[in-house]
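This report concerns only the one structure given below.
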Amino acid sequence: KVTEEYARIRRYMYKNFYNHASNVFDDTSWAVWQYHDPDTQSGIVMAFRRENSPFDAVKINLKGISKGETYEIKNLDDGTTQNITDTLEIVLPQKRSSTIIEYTIKK
């Protein structure tokens with residue numbers, strides 16, 4: 001499963017990178033990284049809730065996306081999907097957990 005997931009997302013690793021959290025390591029905060037392909041208007045968000053973070057959710061505004069468009073969001077861990085226009089809410093109830101979310105523009 002891990003190999004299949006890596007094969008699915010590796011194309012984004014060489015695209016635009018956006019850090020949505022602090023550049024300073026702090027075990028009470030989240031690390032949230034976005035990799036965006038401007039040519040396909042798609043990408044991934046990798047979110048990590050650190051071990052001492054008191055927050056079970058974080059909201060980010062996706063960068064590089066086309067304003068006013070709708071994007072389909074797919075959580076690669078649980079397979080759930082949703083549609084958003086700019087703000088993405090990521091919920092990780094368990095401390096020291098992570099998720100990868102893939103997004104694509106709806107056509």
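Ordered as shown in the structure tokens, chains take letters A, B, and onward, while each chain numbers its residues from 1 and ligands are numbered from 1 in the order shown.
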_Using only C-alpha atoms, which protein or nucleic acid residues come within 6 Å of A:Tyr71? Drop anything in the same chain fewer than 2 positions from it, and give the result as a PyMOL selection string._
chain A and resi 83-85+104-106
*From a DSSP calculation on the backbone, collect every residue of chain A in strand (DSSP E or B) and output the set as a VMD selection string.*
chain A and resid 16 to 19 30 to 37 42 to 49 57 to 61 71 to 75 81 to 84 87 to 91 97 to 105
*asked:* Show me, as a list in words, the residues that have an atom within 12 Å of A:Tyr12 when counting only C-alpha atoms, minus same-chain residues fewer than 5 positions from it.
replied: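 Those residues are Tyr6, Ala7, Phe17, Tyr18, Trp33, Gln34, Tyr35, His36, Asp37, Pro38, Asp39, Thr40, Gln41, Ser42, Gly43, Ile44, Val45, Met46, Glu102 and Tyr103 of chain A.
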_Best match for closeness to A:Gly79 among A:Thr99, A:Gln94, A:Thr3, A:Thr28, counting only C-alpha atoms_ = A:Thr99
*chain A: residues DSSP assigns to alpha helix (DSSP H), reported as a PyMOL selection string*: chain A and resi 2-9
Write the residues of the selection above to a file with N, CA, C and O atoms, as a PDB file, in the first residue's frame.
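Saved result, result11.pdb, follows:
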```
ATOM      1  N   VAL A   2       1.920   1.266   0.790  1.00  0.00           N
ATOM      2  CA  VAL A   2       2.807   2.430   0.875  1.00  0.00           C
ATOM      3  C   VAL A   2       3.479   2.678  -0.472  1.00  0.00           C
ATOM      4  O   VAL A   2       3.587   3.825  -0.922  1.00  0.00           O
ATOM      5  N   THR A   3       3.916   1.622  -1.130  1.00  0.00           N
ATOM      6  CA  THR A   3       4.561   1.765  -2.430  1.00  0.00           C
ATOM      7  C   THR A   3       3.585   2.327  -3.458  1.00  0.00           C
ATOM      8  O   THR A   3       3.945   3.203  -4.257  1.00  0.00           O
ATOM      9  N   GLU A   4       2.350   1.865  -3.445  1.00  0.00           N
ATOM     10  CA  GLU A   4       1.327   2.377  -4.368  1.00  0.00           C
ATOM     11  C   GLU A   4       1.044   3.849  -4.091  1.00  0.00           C
ATOM     12  O   GLU A   4       0.888   4.639  -5.023  1.00  0.00           O
ATOM     13  N   GLU A   5       0.989   4.216  -2.822  1.00  0.00           N
ATOM     14  CA  GLU A   5       0.744   5.614  -2.471  1.00  0.00           C
ATOM     15  C   GLU A   5       1.901   6.501  -2.935  1.00  0.00           C
ATOM     16  O   GLU A   5       1.690   7.572  -3.492  1.00  0.00           O
ATOM     17  N   TYR A   6       3.115   6.044  -2.725  1.00  0.00           N
ATOM     18  CA  TYR A   6       4.277   6.812  -3.170  1.00  0.00           C
ATOM     19  C   TYR A   6       4.263   6.977  -4.696  1.00  0.00           C
ATOM     20  O   TYR A   6       4.507   8.071  -5.208  1.00  0.00           O
ATOM     21  N   ALA A   7       3.963   5.918  -5.409  1.00  0.00           N
ATOM     22  CA  ALA A   7       3.913   5.996  -6.876  1.00  0.00           C
ATOM     23  C   ALA A   7       2.850   7.000  -7.324  1.00  0.00           C
ATOM     24  O   ALA A   7       3.024   7.698  -8.321  1.00  0.00           O
ATOM     25  N   ARG A   8       1.775   7.086  -6.581  1.00  0.00           N
ATOM     26  CA  ARG A   8       0.693   8.007  -6.916  1.00  0.00           C
ATOM     27  C   ARG A   8       1.089   9.470  -6.702  1.00  0.00           C
ATOM     28  O   ARG A   8       0.705  10.346  -7.465  1.00  0.00           O
ATOM     29  N   ILE A   9       1.856   9.758  -5.652  1.00  0.00           N
ATOM     30  CA  ILE A   9       2.130  11.159  -5.286  1.00  0.00           C
ATOM     31  C   ILE A   9       3.514  11.662  -5.669  1.00  0.00           C
ATOM     32  O   ILE A   9       3.761  12.864  -5.607  1.00  0.00           O
TER      33      ILE A   9
END
```
*Nearest to A:Pro93: which of A:Ala57, A:Met13, A:Ala47, A:Val32 is it, counting only C-alpha atoms?*
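Closest candidate: A:Ala57.
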*Would you please work out which residue, of A:Lys107, A:Arg11, A:Lys67, A:Lys95, is nearest to A:Trp30 when using only C-alpha atoms?*
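Looking only at the distances to A:Trp30, the closest residue turns out to be A:Lys95.
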*So how many Å separate atom CA of A:Lys59 and atom CA of A:Ser29, to one decimal?*
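Distance between the two atoms: 12.8 Å.
Minimum distance to A:Ser53 across A:Lys74, A:Lys15, A:His20, A:Arg96 (counting only C-alpha atoms) occurs at A:Arg96.
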*Between atom CA of A:Ile100 and atom CA of A:Arg49 - distance in Å to one decimal*: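 These two atoms are separated by 11.9 Å.
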*How many Å lie between atom CA of A:Ile60 and atom CA of A:Glu89, rounded to one decimal?*
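Result for atom CA of A:Ile60 versus atom CA of A:Glu89: 6.5 Å, one decimal.
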*asked:* When you count only C-alpha atoms, which of these residues is closest to A:Asn19: A:Lys1, A:Asn75, A:Asn52, A:Leu62?
replied: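 Comparing A:Lys1, A:Asn75, A:Asn52, A:Leu62 against A:Asn19, the winner is A:Leu62.
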_Given only C-alpha atoms as the basis, pick out the residue of A:Ile101, A:Phe55, A:Arg10, A:Ser66 nearest to A:Thr80._
A:Ile101
